[in-house]
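Student: Below you'll find entry-v1.tsv; it's TSV, C-alpha atoms.
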chain	number	residue	atom	x	y	z
A	1	MET	CA	-100.55	200.55	-53.50
A	2	TYR	CA	-100.69	200.56	-49.71
A	3	THR	CA	-101.73	197.67	-47.46
A	4	VAL	CA	-101.63	196.58	-43.82
A	5	ALA	CA	-101.24	193.04	-42.50
A	6	GLY	CA	-100.60	191.24	-39.24
A	7	THR	CA	-98.29	188.33	-38.55
A	8	GLN	CA	-98.83	184.92	-36.93
A	9	ALA	CA	-95.60	183.85	-35.29
A	10	GLU	CA	-95.28	180.56	-33.42
A	11	SER	CA	-96.80	180.72	-29.94
A	12	ALA	CA	-93.38	180.47	-28.29
A	13	LYS	CA	-92.28	183.54	-30.22
A	14	ALA	CA	-95.35	185.77	-29.72
A	15	SER	CA	-93.12	188.79	-29.14
A	16	ASP	CA	-91.84	188.45	-32.73
A	17	ASN	CA	-95.24	189.46	-34.09
A	18	SER	CA	-95.74	192.78	-35.80
A	19	LEU	CA	-98.17	194.95	-37.70
A	20	LEU	CA	-96.83	195.55	-41.21
A	21	VAL	CA	-97.57	198.76	-43.10
A	22	MET	CA	-96.56	198.25	-46.73
A	23	LYS	CA	-96.19	200.09	-50.00
A	24	PHE	CA	-96.13	198.16	-53.27
A	25	SER	CA	-94.75	199.98	-56.31
A	26	GLY	CA	-93.38	199.08	-59.72
A	27	LEU	CA	-96.24	196.65	-60.22
A	28	SER	CA	-96.47	195.62	-63.87
A	29	LYS	CA	-97.28	192.72	-66.12
A	30	MET	CA	-95.39	189.58	-65.15
A	31	GLN	CA	-93.04	188.08	-67.70
A	32	GLY	CA	-94.53	185.14	-69.55
A	33	GLY	CA	-92.80	182.17	-71.12
A	34	ASP	CA	-90.60	182.16	-74.22
A	35	GLY	CA	-93.63	182.48	-76.44
A	36	ASP	CA	-94.73	185.67	-74.72
A	37	GLU	CA	-91.89	188.02	-75.61
A	38	SER	CA	-92.49	191.70	-74.94
A	39	SER	CA	-92.54	193.84	-78.04
A	40	ASP	CA	-89.92	196.59	-78.36
A	41	ASP	CA	-92.50	199.34	-78.41
A	42	GLU	CA	-94.08	198.33	-75.11
A	43	ASP	CA	-93.69	200.73	-72.26
A	44	GLU	CA	-90.38	200.39	-70.44
A	45	ASP	CA	-92.34	200.20	-67.18
A	46	GLU	CA	-93.26	196.65	-68.14
A	47	ASP	CA	-89.66	195.65	-67.33
A	48	ALA	CA	-89.66	197.30	-63.90
A	49	GLU	CA	-89.05	195.12	-60.87
A	50	PRO	CA	-91.80	195.29	-58.25
A	51	ILE	CA	-90.73	197.05	-55.05
A	52	LEU	CA	-92.06	196.30	-51.56
A	53	GLU	CA	-91.34	198.77	-48.77
A	54	HIS	CA	-92.59	198.30	-45.24
A	55	LYS	CA	-92.68	199.71	-41.74
A	56	SER	CA	-93.04	197.33	-38.82
A	57	ILE	CA	-94.98	198.05	-35.62
A	58	PRO	CA	-94.03	195.61	-32.82
A	59	LEU	CA	-96.88	193.56	-31.35
A	60	ASN	CA	-96.76	191.02	-28.54
A	61	SER	CA	-99.53	188.84	-29.90
A	62	THR	CA	-100.70	187.12	-33.06
A	63	SER	CA	-103.05	189.15	-35.25
A	64	ASN	CA	-106.30	187.32	-35.92
A	65	ARG	CA	-107.71	189.97	-38.26
A	66	ILE	CA	-107.03	193.60	-39.12
A	67	ARG	CA	-109.09	196.33	-40.76
A	68	ALA	CA	-108.06	199.84	-41.80
A	69	TYR	CA	-110.13	203.03	-41.96
A	70	GLN	CA	-109.43	206.53	-43.26
A	71	ILE	CA	-110.83	209.66	-41.64
A	72	PRO	CA	-111.09	212.53	-44.14
A	73	SER	CA	-108.89	215.53	-43.36
A	74	GLN	CA	-110.51	218.89	-42.71
A	75	ASP	CA	-107.35	220.53	-44.04
A	76	PRO	CA	-106.85	219.93	-47.80
A	77	SER	CA	-103.08	220.25	-47.34
A	78	ARG	CA	-102.95	217.35	-44.89
A	79	PRO	CA	-103.47	213.64	-45.64
A	80	PRO	CA	-106.40	211.72	-44.18
A	81	THR	CA	-105.88	209.99	-40.84
A	82	THR	CA	-105.51	206.23	-41.34
A	83	LEU	CA	-106.43	204.00	-38.41
A	84	THR	CA	-106.12	200.23	-38.03
A	85	ALA	CA	-107.99	197.94	-35.65
A	86	THR	CA	-106.29	194.61	-34.90
A	87	MET	CA	-108.05	191.68	-33.25
A	88	THR	CA	-105.34	189.81	-31.34
A	89	GLU	CA	-104.96	186.36	-29.87
A	90	SER	CA	-104.47	187.95	-26.45
A	91	LYS	CA	-108.11	189.25	-26.36
A	92	GLY	CA	-107.21	192.94	-26.75
A	93	VAL	CA	-108.18	195.04	-29.77
A	94	LEU	CA	-105.39	197.44	-30.75
A	95	ILE	CA	-106.11	200.71	-32.57
A	96	HIS	CA	-103.10	202.32	-34.25
A	97	ASP	CA	-102.66	205.53	-36.21
A	98	ILE	CA	-100.50	204.56	-39.20
A	99	THR	CA	-100.68	207.97	-40.90
A	100	PRO	CA	-96.99	208.75	-40.17
A	101	HIS	CA	-95.93	205.31	-41.38
A	102	LEU	CA	-97.67	205.83	-44.72
A	103	ALA	CA	-96.22	209.34	-45.08
A	104	SER	CA	-92.70	208.03	-44.40
A	105	PHE	CA	-92.67	206.06	-47.67
A	106	ASP	CA	-92.74	209.30	-49.64
A	107	THR	CA	-90.41	211.23	-47.32
A	108	PRO	CA	-86.94	209.63	-47.32
A	109	GLY	CA	-85.13	209.75	-43.99
A	110	THR	CA	-88.31	209.85	-41.91
A	111	ILE	CA	-87.86	208.12	-38.57
A	112	ILE	CA	-90.87	206.55	-36.88
A	113	THR	CA	-90.64	207.13	-33.13
A	114	PRO	CA	-91.48	204.46	-30.50
A	115	GLN	CA	-94.38	206.68	-29.42
A	116	GLN	CA	-95.84	206.61	-32.96
A	117	ASN	CA	-95.69	202.79	-32.86
A	118	LYS	CA	-97.80	202.63	-29.70
A	119	PRO	CA	-101.55	201.99	-30.01
A	120	LEU	CA	-103.87	204.94	-29.57
A	121	CYS	CA	-106.22	202.67	-27.68
A	122	THR	CA	-106.49	199.08	-26.47
A	123	ILE	CA	-110.06	197.78	-26.19
A	124	ARG	CA	-110.21	195.36	-23.25
A	125	ALA	CA	-113.95	194.62	-23.21
A	126	HIS	CA	-113.57	191.11	-24.64
A	127	LYS	CA	-113.02	188.15	-22.31
A	128	SER	CA	-111.89	185.89	-25.17
A	129	GLU	CA	-110.05	186.35	-28.45
A	130	GLY	CA	-111.99	187.12	-31.61
A	131	TYR	CA	-111.86	187.50	-35.38
A	132	ALA	CA	-114.79	189.78	-36.20
A	133	VAL	CA	-113.99	193.46	-36.75
A	134	ASP	CA	-115.37	196.19	-39.03
A	135	TRP	CA	-115.26	199.99	-39.31
A	136	SER	CA	-118.49	201.71	-40.28
A	137	PRO	CA	-118.40	203.30	-43.75
A	138	LEU	CA	-121.12	205.75	-42.71
A	139	HIS	CA	-119.58	207.25	-39.54
A	140	PRO	CA	-116.81	209.56	-40.80
A	141	ALA	CA	-115.26	210.10	-37.34
A	142	GLY	CA	-114.84	206.36	-36.79
A	143	LYS	CA	-117.11	203.67	-35.35
A	144	LEU	CA	-115.91	200.11	-34.78
A	145	LEU	CA	-117.60	196.76	-34.13
A	146	THR	CA	-115.70	193.81	-32.64
A	147	GLY	CA	-116.92	190.28	-31.92
A	148	ASP	CA	-115.34	187.45	-29.93
A	149	ASN	CA	-115.36	183.69	-29.40
A	150	ASP	CA	-117.88	184.02	-26.55
A	151	GLY	CA	-120.46	185.35	-29.01
A	152	GLN	CA	-120.34	188.91	-27.67
A	153	ILE	CA	-120.18	192.04	-29.83
A	154	PHE	CA	-119.03	195.48	-28.66
A	155	VAL	CA	-119.21	198.88	-30.33
A	156	THR	CA	-116.45	201.47	-29.94
A	157	THR	CA	-116.88	205.11	-31.01
A	158	ARG	CA	-114.16	207.67	-31.72
A	159	THR	CA	-114.83	210.91	-29.86
A	160	ASP	CA	-114.45	214.47	-31.18
A	161	GLY	CA	-111.21	214.74	-29.23
A	162	GLY	CA	-109.72	211.71	-30.96
A	163	GLY	CA	-110.20	209.28	-28.08
A	164	PHE	CA	-112.20	206.04	-28.10
A	165	VAL	CA	-115.13	204.97	-25.95
A	166	THR	CA	-116.36	201.36	-25.82
A	167	ASP	CA	-119.94	200.69	-24.75
A	168	THR	CA	-119.59	197.94	-22.15
A	169	ARG	CA	-123.07	196.55	-22.88
A	170	PRO	CA	-122.49	193.74	-25.39
A	171	PHE	CA	-124.83	192.72	-28.18
A	172	GLN	CA	-125.77	189.12	-27.36
A	173	GLY	CA	-127.64	186.45	-29.29
A	174	HIS	CA	-125.13	184.09	-30.89
A	175	THR	CA	-124.66	180.76	-29.14
A	176	SER	CA	-121.09	180.35	-30.39
A	177	SER	CA	-118.17	182.44	-31.65
A	178	VAL	CA	-118.73	185.51	-33.83
A	179	GLU	CA	-116.62	184.94	-36.94
A	180	GLU	CA	-117.49	188.01	-39.03
A	181	ILE	CA	-119.13	191.42	-38.68
A	182	GLN	CA	-120.23	193.79	-41.45
A	183	TRP	CA	-121.84	197.21	-41.15
A	184	SER	CA	-124.67	197.91	-43.56
A	185	PRO	CA	-123.41	199.97	-46.51
A	186	SER	CA	-126.65	202.01	-46.57
A	187	GLU	CA	-128.04	202.21	-43.00
A	188	ALA	CA	-125.76	203.77	-40.40
A	189	SER	CA	-127.26	201.95	-37.41
A	190	VAL	CA	-127.52	198.44	-38.90
A	191	PHE	CA	-124.96	195.63	-38.95
A	192	ALA	CA	-124.86	191.88	-39.56
A	193	SER	CA	-122.85	189.17	-37.83
A	194	ALA	CA	-121.97	185.61	-38.84
A	195	SER	CA	-121.23	182.87	-36.35
A	196	SER	CA	-120.04	179.34	-35.89
A	197	ASP	CA	-123.58	178.63	-34.66
A	198	GLY	CA	-124.55	178.57	-38.35
A	199	THR	CA	-126.55	181.81	-38.25
A	200	ILE	CA	-126.35	185.31	-39.62
A	201	ARG	CA	-128.02	187.89	-37.41
A	202	VAL	CA	-128.98	191.47	-38.29
A	203	TRP	CA	-128.85	194.09	-35.53
A	204	ASP	CA	-129.66	197.74	-34.86
A	205	VAL	CA	-127.11	199.50	-32.64
A	206	ARG	CA	-129.93	201.69	-31.27
A	207	SER	CA	-131.59	198.64	-29.68
A	208	LYS	CA	-131.63	198.99	-25.90
A	209	ALA	CA	-132.24	195.25	-25.56
A	210	ARG	CA	-128.98	194.50	-27.41
A	211	LYS	CA	-130.73	191.62	-29.21
A	212	PRO	CA	-130.81	190.82	-32.94
A	213	ALA	CA	-133.69	192.10	-35.08
A	214	LEU	CA	-133.36	189.16	-37.51
A	215	THR	CA	-131.86	185.69	-37.15
A	216	MET	CA	-131.39	183.31	-40.07
A	217	GLN	CA	-129.94	179.81	-40.03
A	218	VAL	CA	-127.86	179.80	-43.22
A	219	SER	CA	-125.68	176.74	-42.64
A	220	ASN	CA	-125.39	173.54	-40.60
A	221	VAL	CA	-121.72	174.30	-39.98
A	222	ASP	CA	-119.67	177.37	-39.03
A	223	VAL	CA	-120.32	180.52	-41.06
A	224	ASN	CA	-116.79	181.89	-41.39
A	225	VAL	CA	-117.11	184.98	-43.56
A	226	MET	CA	-119.62	187.42	-44.99
A	227	SER	CA	-119.74	190.41	-47.33
A	228	TRP	CA	-122.47	193.02	-47.79
A	229	SER	CA	-122.80	194.34	-51.33
A	230	ARG	CA	-121.90	198.02	-51.55
A	231	GLN	CA	-123.89	198.43	-54.78
A	232	THR	CA	-127.06	196.48	-53.96
A	233	SER	CA	-127.54	196.67	-50.22
A	234	HIS	CA	-130.10	193.87	-49.99
A	235	LEU	CA	-127.52	191.31	-51.18
A	236	LEU	CA	-125.33	189.52	-48.64
A	237	ALA	CA	-122.74	186.84	-49.44
A	238	SER	CA	-121.61	184.23	-46.92
A	239	GLY	CA	-119.12	181.36	-46.82
A	240	ASP	CA	-119.00	178.38	-44.48
A	241	ASP	CA	-116.71	175.68	-43.10
A	242	ALA	CA	-117.91	173.08	-45.62
A	243	GLY	CA	-116.60	175.10	-48.58
A	244	VAL	CA	-120.04	176.36	-49.62
A	245	TRP	CA	-120.63	180.01	-50.35
A	246	GLY	CA	-123.88	181.68	-51.34
A	247	VAL	CA	-125.77	184.93	-51.85
A	248	TRP	CA	-128.84	185.92	-49.87
A	249	ASP	CA	-131.58	188.43	-50.64
A	250	LEU	CA	-132.24	190.17	-47.32
A	251	ARG	CA	-135.68	191.24	-48.52
A	252	GLN	CA	-136.74	187.60	-48.09
A	253	TRP	CA	-135.65	187.52	-44.45
A	254	LYS	CA	-138.47	188.08	-41.99
A	255	PRO	CA	-138.47	187.92	-38.17
A	256	SER	CA	-141.02	185.08	-38.34
A	257	ALA	CA	-138.56	182.96	-40.37
A	258	ALA	CA	-136.21	182.51	-37.42
A	259	GLY	CA	-138.13	179.56	-36.01
A	260	ALA	CA	-139.16	178.12	-39.36
A	261	THR	CA	-138.26	174.63	-40.51
A	262	ALA	CA	-135.52	174.16	-43.09
A	263	ALA	CA	-138.16	173.80	-45.81
A	264	GLN	CA	-139.83	177.07	-44.79
A	265	ARG	CA	-136.66	179.17	-44.50
A	266	PRO	CA	-135.58	181.39	-47.41
A	267	SER	CA	-133.10	179.83	-49.80
A	268	PRO	CA	-130.00	181.57	-51.15
A	269	ILE	CA	-130.47	183.11	-54.57
A	270	ALA	CA	-127.15	181.51	-55.55
A	271	SER	CA	-125.10	178.79	-53.88
A	272	PHE	CA	-121.82	177.15	-54.93
A	273	ASN	CA	-120.16	174.01	-53.59
A	274	PHE	CA	-117.02	174.28	-55.72
A	275	HIS	CA	-114.32	174.71	-53.08
A	276	LYS	CA	-113.03	171.59	-51.32
A	277	GLU	CA	-112.20	173.21	-47.97
A	278	GLN	CA	-113.54	175.99	-45.73
A	279	ILE	CA	-114.25	179.42	-47.19
A	280	THR	CA	-111.77	181.89	-45.65
A	281	SER	CA	-112.80	185.14	-47.35
A	282	VAL	CA	-115.54	186.52	-49.58
A	283	GLU	CA	-115.85	190.04	-50.98
A	284	TRP	CA	-118.09	191.78	-53.49
A	285	HIS	CA	-116.50	193.81	-56.26
A	286	PRO	CA	-116.64	197.49	-55.13
A	287	THR	CA	-118.47	198.71	-58.25
A	288	ASP	CA	-120.03	195.63	-59.90
A	289	ASP	CA	-122.73	193.81	-57.93
A	290	SER	CA	-122.42	190.65	-60.02
A	291	ILE	CA	-118.71	189.95	-59.34
A	292	VAL	CA	-117.49	188.20	-56.17
A	293	ALA	CA	-114.02	187.13	-55.03
A	294	VAL	CA	-113.67	184.08	-52.77
A	295	SER	CA	-110.71	182.42	-51.05
A	296	ALA	CA	-110.66	179.00	-49.44
A	297	GLY	CA	-108.59	176.51	-47.49
A	298	ASP	CA	-108.03	174.47	-50.65
A	299	ASN	CA	-105.29	176.97	-51.61
A	300	THR	CA	-107.38	178.79	-54.21
A	301	VAL	CA	-108.82	182.25	-54.83
A	302	THR	CA	-111.73	182.28	-57.26
A	303	LEU	CA	-113.60	185.01	-59.12
A	304	TRP	CA	-117.30	184.60	-59.95
A	305	ASP	CA	-119.77	186.34	-62.25
A	306	LEU	CA	-123.30	185.95	-60.92
A	307	ALA	CA	-124.75	187.61	-64.04
A	308	VAL	CA	-124.10	184.45	-66.08
A	309	GLU	CA	-127.43	182.76	-66.81
A	310	LEU	CA	-127.62	179.00	-66.42
A	311	ASP	CA	-129.94	178.67	-69.41
A	312	ASP	CA	-127.45	180.38	-71.70
A	313	GLU	CA	-126.13	177.68	-74.05
A	314	GLU	CA	-122.78	179.40	-74.46
A	315	SER	CA	-122.39	179.79	-70.68
A	316	ARG	CA	-123.03	176.09	-70.10
A	317	ASP	CA	-120.11	175.18	-72.33
A	318	THR	CA	-117.17	174.49	-69.99
A	319	ALA	CA	-115.00	172.90	-72.69
A	320	GLY	CA	-115.73	169.43	-71.40
A	321	VAL	CA	-114.43	170.14	-67.89
A	322	GLN	CA	-116.67	168.52	-65.31
A	323	ASP	CA	-118.01	170.18	-62.14
A	324	VAL	CA	-117.13	173.72	-63.19
A	325	PRO	CA	-119.99	176.17	-62.63
A	326	PRO	CA	-120.44	178.51	-65.61
A	327	GLN	CA	-120.30	181.47	-63.20
A	328	LEU	CA	-116.66	180.65	-62.34
A	329	LEU	CA	-114.43	183.17	-64.10
A	330	PHE	CA	-110.96	182.53	-62.77
A	331	VAL	CA	-108.96	180.36	-60.35
A	332	HIS	CA	-105.78	181.66	-58.73
A	333	TYR	CA	-103.65	179.21	-56.75
A	334	GLN	CA	-102.31	180.56	-53.45
A	335	ASN	CA	-100.92	178.41	-50.66
A	336	MET	CA	-102.84	178.82	-47.38
A	337	ALA	CA	-105.12	181.50	-48.86
A	338	LYS	CA	-106.57	183.53	-45.98
A	339	GLU	CA	-108.05	186.76	-47.31
A	340	VAL	CA	-108.76	188.43	-50.63
A	341	HIS	CA	-109.63	192.09	-51.16
A	342	TRP	CA	-110.41	194.24	-54.18
A	343	HIS	CA	-108.33	197.37	-54.64
A	344	PRO	CA	-110.70	200.33	-54.16
A	345	GLN	CA	-109.10	202.50	-56.86
A	346	ILE	CA	-107.57	200.11	-59.42
A	347	PRO	CA	-110.46	198.41	-61.28
A	348	GLY	CA	-110.29	194.64	-61.14
A	349	ALA	CA	-107.08	194.47	-59.07
A	350	LEU	CA	-106.97	192.13	-56.08
A	351	VAL	CA	-104.66	191.41	-53.18
A	352	ALA	CA	-104.65	187.95	-51.62
A	353	THR	CA	-102.81	186.92	-48.47
A	354	GLY	CA	-101.67	183.52	-47.30
A	355	GLU	CA	-98.19	182.09	-47.20
A	356	ASN	CA	-97.26	185.13	-49.30
A	357	PHE	CA	-98.86	188.14	-50.98
A	358	SER	CA	-100.39	187.97	-54.45
A	359	VAL	CA	-101.35	191.11	-56.36
A	360	PHE	CA	-103.12	190.35	-59.63
A	361	ARG	CA	-105.67	191.52	-62.17
A	362	THR	CA	-107.37	189.28	-64.69
A	363	ILE	CA	-108.64	190.10	-68.17
A	364	SER	CA	-112.06	188.77	-67.15
A	365	VAL	CA	-112.89	191.55	-64.68
Hey, can you dump this file as structure tokens for me?
Tutor:
Amino acid sequence: MYTVAGTQAESAKASDNSLLVMKFSGLSKMQGGDGDESSDDEDEDEDAEPILEHKSIPLNSTSNRIRAYQIPSQDPSRPPTTLTATMTESKGVLIHDITPHLASFDTPGTIITPQQNKPLCTIRAHKSEGYAVDWSPLHPAGKLLTGDNDGQIFVTTRTDGGGFVTDTRPFQGHTSSVEEIQWSPSEASVFASASSDGTIRVWDVRSKARKPALTMQVSNVDVNVMSWSRQTSHLLASGDDAGVWGVWDLRQWKPSAAGATAAQRPSPIASFNFHKEQITSVEWHPTDDSIVAVSAGDNTVTLWDLAVELDDEESRDTAGVQDVPPQLLFVHYQNMAKEVHWHPQIPGALVATGENFSVFRTISV
């Protein structure tokens, strides 16, 4: 399993920061207590120690958020090109090609040169730092959106020659910082943004006015994170600073609803106030549109099954535990939980980041 992550060193040691390219191997079932002895006929791999290998790319700034993207190779004998985009505390957006770093894990003795550690491009359009970044899943060559604390959003396109061009005309509409950006999984020109102004806005990159097509007030506090369902593209999940996360049906959002009163605005089709601190990450399961993973500032990562019906007598039975929604499948405790992501190839496997890395898979998903 391969991952990328950025570091957050103390401000006085900003030069200690790095971009980490990692390979996890030897992942197997963790040993249980004395009552959970492994049987002799179990696969010997169960006893293997997990191995973490990594390559480090020096950075001079804290990483606020990072996203990776693979460009399919035209040559079947060559691996895809893997790019990363890193939103940094120093306002710049760094694009790296980590293809050689990934290949080095399987080729012992490979030396990564200083030139290979340098960014392919540094986007300098932003006048403030930001957290919102997303690669389009529908532009094979590479198309990137980035949003900053001034509420501005820029689009950067990879050219046929492998360079990058940033359109200097920002998308403007948010009245506070852009916290999250997501491209539509089904429409190549559409994206959504979430902001600390409490709104989610839907945009069309073809708009010459650079203004949102839809604006919806979804919270009275900061909207930190958002995830667009890959399976059912009219479903959008969001999480806010009060620990509330919910699911919205975009078919209910109309341009006329932007100025509506709270009573007139569409309501989420599901909403949960289970977490005790801000929501830090939310992500739909890649192949099941009823399963959602959520992380929060209360040091937990939770898994939810939205298919559970509230009027199902069996589902309402929470074994006497109070304040547990029947849709809650699993709680994983992780100190300073920041992000959680589903593995795209291993069904039900997740990676969570925080004070450390957690890789886990539950029997419930």
Student: May I ask which of the residues A:Lys55, A:Arg67, A:His126, A:Arg201 is the closest one to Thr175 (chain A), counting only C-alpha atoms?
Tutor: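 For Thr175 (chain A), the nearest of the candidates is A:Arg201.
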Student: Write out as a ChimeraX atom specification which residues come within 10 Å of Lys118 (chain A) when counting all atoms listed in the file, dropping same-chain ones fewer than 6 positions away.
Tutor: /A:57-59,94-97
Student: Just checking: using all atoms listed in the file, which residue out of A:Ser128, A:Thr146, A:Ser219, A:Asn224 ends up closest to Pro266 (chain A)?
Tutor: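 The answer is A:Ser219, which sits nearest to Pro266 (chain A).
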Student: So how many Å separate CA of Ala352 (chain A) and CA of Tyr333 (chain A), to one decimal?
Tutor: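 So the answer is 10.2 Å.
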Student: Here is a test: counting all atoms listed in the file, which residue of A:Ala188, A:Leu144, A:Ile346, A:Leu250 is nearest to Ile123 (chain A)?
Tutor: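 The shortest atom-to-atom distance to Ile123 (chain A) comes from A:Leu144.
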Student: With all atoms listed in the file as the atoms that count, which of A:Thr107, A:Ser358, A:Thr166, A:Gln231 lies nearest to Ile153 (chain A)?
Tutor: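 Closest to Ile153 (chain A), using all atoms listed in the file: A:Thr166.
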Student: So the first atom is CA of Ser364 (chain A) and the second is CA of Leu328 (chain A); what is the distance between them in Å, to one decimal place?
Tutor: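 Computing the Euclidean distance for CA of Ser364 (chain A) and CA of Leu328 (chain A) yields 10.5 Å.
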Student: Which residue out of A:Val351, A:Ala48, A:Ala194, A:Val244 has the minimum interatomic distance to Tyr2 (chain A) when only C-alpha atoms are used?
Tutor: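 Under the stated criterion, the closest residue is A:Val351.
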Student: Got a sec: who's within 6 Å of region 79-83 of chain A, counting only C-alpha atoms, leaving out chain neighbours fewer than 3 positions off, as a PDB file with C-alpha atoms, in the frame of the given file?
Tutor:
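In the end it all went to out.pdb:
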ATOM      1  CA  ALA A  68    -108.060 199.840 -41.800  1.00  0.00           C
ATOM      2  CA  TYR A  69    -110.130 203.030 -41.960  1.00  0.00           C
ATOM      3  CA  GLN A  70    -109.430 206.530 -43.260  1.00  0.00           C
ATOM      4  CA  ILE A  71    -110.830 209.660 -41.640  1.00  0.00           C
ATOM      5  CA  PRO A  72    -111.090 212.530 -44.140  1.00  0.00           C
ATOM      6  CA  SER A  73    -108.890 215.530 -43.360  1.00  0.00           C
ATOM      7  CA  HIS A  96    -103.100 202.320 -34.250  1.00  0.00           C
ATOM      8  CA  ASP A  97    -102.660 205.530 -36.210  1.00  0.00           C
ATOM      9  CA  ILE A  98    -100.500 204.560 -39.200  1.00  0.00           C
ATOM     10  CA  THR A  99    -100.680 207.970 -40.900  1.00  0.00           C
TER      11      THR A  99
END
Student: With all atoms listed in the file as the counted atoms, please give the residues lying no more than 8 Å from Arg361 (chain A), apart from itself and same-chain residues fewer than 2 positions off, as a PDB file with C-alpha atoms, keeping the file's coordinate frame.
Tutor:
ATOM      1  CA  GLY A 348    -110.290 194.640 -61.140  1.00  0.00           C
ATOM      2  CA  ALA A 349    -107.080 194.470 -59.070  1.00  0.00           C
ATOM      3  CA  LEU A 350    -106.970 192.130 -56.080  1.00  0.00           C
ATOM      4  CA  VAL A 359    -101.350 191.110 -56.360  1.00  0.00           C
ATOM      5  CA  ILE A 363    -108.640 190.100 -68.170  1.00  0.00           C
ATOM      6  CA  VAL A 365    -112.890 191.550 -64.680  1.00  0.00           C
TER       7      VAL A 365
END
Student: Write only all heavy atoms for region 339-344 of chain A from the block just shown, as a PDB file, in the first residue's frame.
Tutor:
ATOM      1  N   GLU A 339      -7.284  13.129   9.079  1.00  0.00           N
ATOM      2  CA  GLU A 339      -7.892  12.705   7.814  1.00  0.00           C
ATOM      3  C   GLU A 339      -8.109  11.207   7.811  1.00  0.00           C
ATOM      4  O   GLU A 339      -7.362  10.454   8.455  1.00  0.00           O
ATOM      5  CB  GLU A 339      -6.998  13.078   6.618  1.00  0.00           C
ATOM      6  CG  GLU A 339      -6.999  14.548   6.279  1.00  0.00           C
ATOM      7  CD  GLU A 339      -6.499  14.803   4.854  1.00  0.00           C
ATOM      8  OE1 GLU A 339      -7.040  14.198   3.906  1.00  0.00           O
ATOM      9  OE2 GLU A 339      -5.577  15.616   4.700  1.00  0.00           O
ATOM     10  N   VAL A 340      -9.124  10.775   7.075  1.00  0.00           N
ATOM     11  CA  VAL A 340      -9.369   9.352   6.877  1.00  0.00           C
ATOM     12  C   VAL A 340      -9.705   9.130   5.412  1.00  0.00           C
ATOM     13  O   VAL A 340     -10.430   9.925   4.801  1.00  0.00           O
ATOM     14  CB  VAL A 340     -10.491   8.823   7.802  1.00  0.00           C
ATOM     15  CG1 VAL A 340     -11.811   9.564   7.558  1.00  0.00           C
ATOM     16  CG2 VAL A 340     -10.673   7.314   7.646  1.00  0.00           C
ATOM     17  N   HIS A 341      -9.119   8.076   4.829  1.00  0.00           N
ATOM     18  CA  HIS A 341      -9.347   7.773   3.423  1.00  0.00           C
ATOM     19  C   HIS A 341      -9.532   6.274   3.239  1.00  0.00           C
ATOM     20  O   HIS A 341      -8.858   5.469   3.885  1.00  0.00           O
ATOM     21  CB  HIS A 341      -8.167   8.241   2.557  1.00  0.00           C
ATOM     22  CG  HIS A 341      -7.963   9.721   2.575  1.00  0.00           C
ATOM     23  ND1 HIS A 341      -8.838  10.592   1.968  1.00  0.00           N
ATOM     24  CD2 HIS A 341      -6.997  10.490   3.142  1.00  0.00           C
ATOM     25  CE1 HIS A 341      -8.414  11.839   2.150  1.00  0.00           C
ATOM     26  NE2 HIS A 341      -7.315  11.799   2.864  1.00  0.00           N
ATOM     27  N   TRP A 342     -10.458   5.927   2.352  1.00  0.00           N
ATOM     28  CA  TRP A 342     -10.639   4.526   1.966  1.00  0.00           C
ATOM     29  C   TRP A 342      -9.549   4.122   0.982  1.00  0.00           C
ATOM     30  O   TRP A 342      -9.153   4.913   0.132  1.00  0.00           O
ATOM     31  CB  TRP A 342     -11.994   4.328   1.291  1.00  0.00           C
ATOM     32  CG  TRP A 342     -13.174   4.626   2.160  1.00  0.00           C
ATOM     33  CD1 TRP A 342     -13.872   5.792   2.241  1.00  0.00           C
ATOM     34  CD2 TRP A 342     -13.817   3.717   3.066  1.00  0.00           C
ATOM     35  NE1 TRP A 342     -14.904   5.683   3.141  1.00  0.00           N
ATOM     36  CE2 TRP A 342     -14.891   4.422   3.666  1.00  0.00           C
ATOM     37  CE3 TRP A 342     -13.587   2.391   3.429  1.00  0.00           C
ATOM     38  CZ2 TRP A 342     -15.730   3.832   4.602  1.00  0.00           C
ATOM     39  CZ3 TRP A 342     -14.427   1.809   4.367  1.00  0.00           C
ATOM     40  CH2 TRP A 342     -15.478   2.521   4.941  1.00  0.00           C
ATOM     41  N   HIS A 343      -9.090   2.895   1.091  1.00  0.00           N
ATOM     42  CA  HIS A 343      -8.143   2.379   0.100  1.00  0.00           C
ATOM     43  C   HIS A 343      -8.915   2.066  -1.182  1.00  0.00           C
ATOM     44  O   HIS A 343      -9.964   1.410  -1.135  1.00  0.00           O
ATOM     45  CB  HIS A 343      -7.456   1.110   0.609  1.00  0.00           C
ATOM     46  CG  HIS A 343      -6.261   0.708  -0.198  1.00  0.00           C
ATOM     47  ND1 HIS A 343      -6.390   0.167  -1.455  1.00  0.00           N
ATOM     48  CD2 HIS A 343      -4.934   0.789   0.051  1.00  0.00           C
ATOM     49  CE1 HIS A 343      -5.180  -0.085  -1.940  1.00  0.00           C
ATOM     50  NE2 HIS A 343      -4.279   0.287  -1.050  1.00  0.00           N
ATOM     51  N   PRO A 344      -8.447   2.556  -2.333  1.00  0.00           N
ATOM     52  CA  PRO A 344      -9.231   2.375  -3.567  1.00  0.00           C
ATOM     53  C   PRO A 344      -9.280   0.947  -4.099  1.00  0.00           C
ATOM     54  O   PRO A 344     -10.181   0.613  -4.859  1.00  0.00           O
ATOM     55  CB  PRO A 344      -8.530   3.306  -4.571  1.00  0.00           C
ATOM     56  CG  PRO A 344      -7.146   3.462  -4.042  1.00  0.00           C
ATOM     57  CD  PRO A 344      -7.249   3.379  -2.550  1.00  0.00           C
TER      58      PRO A 344
END
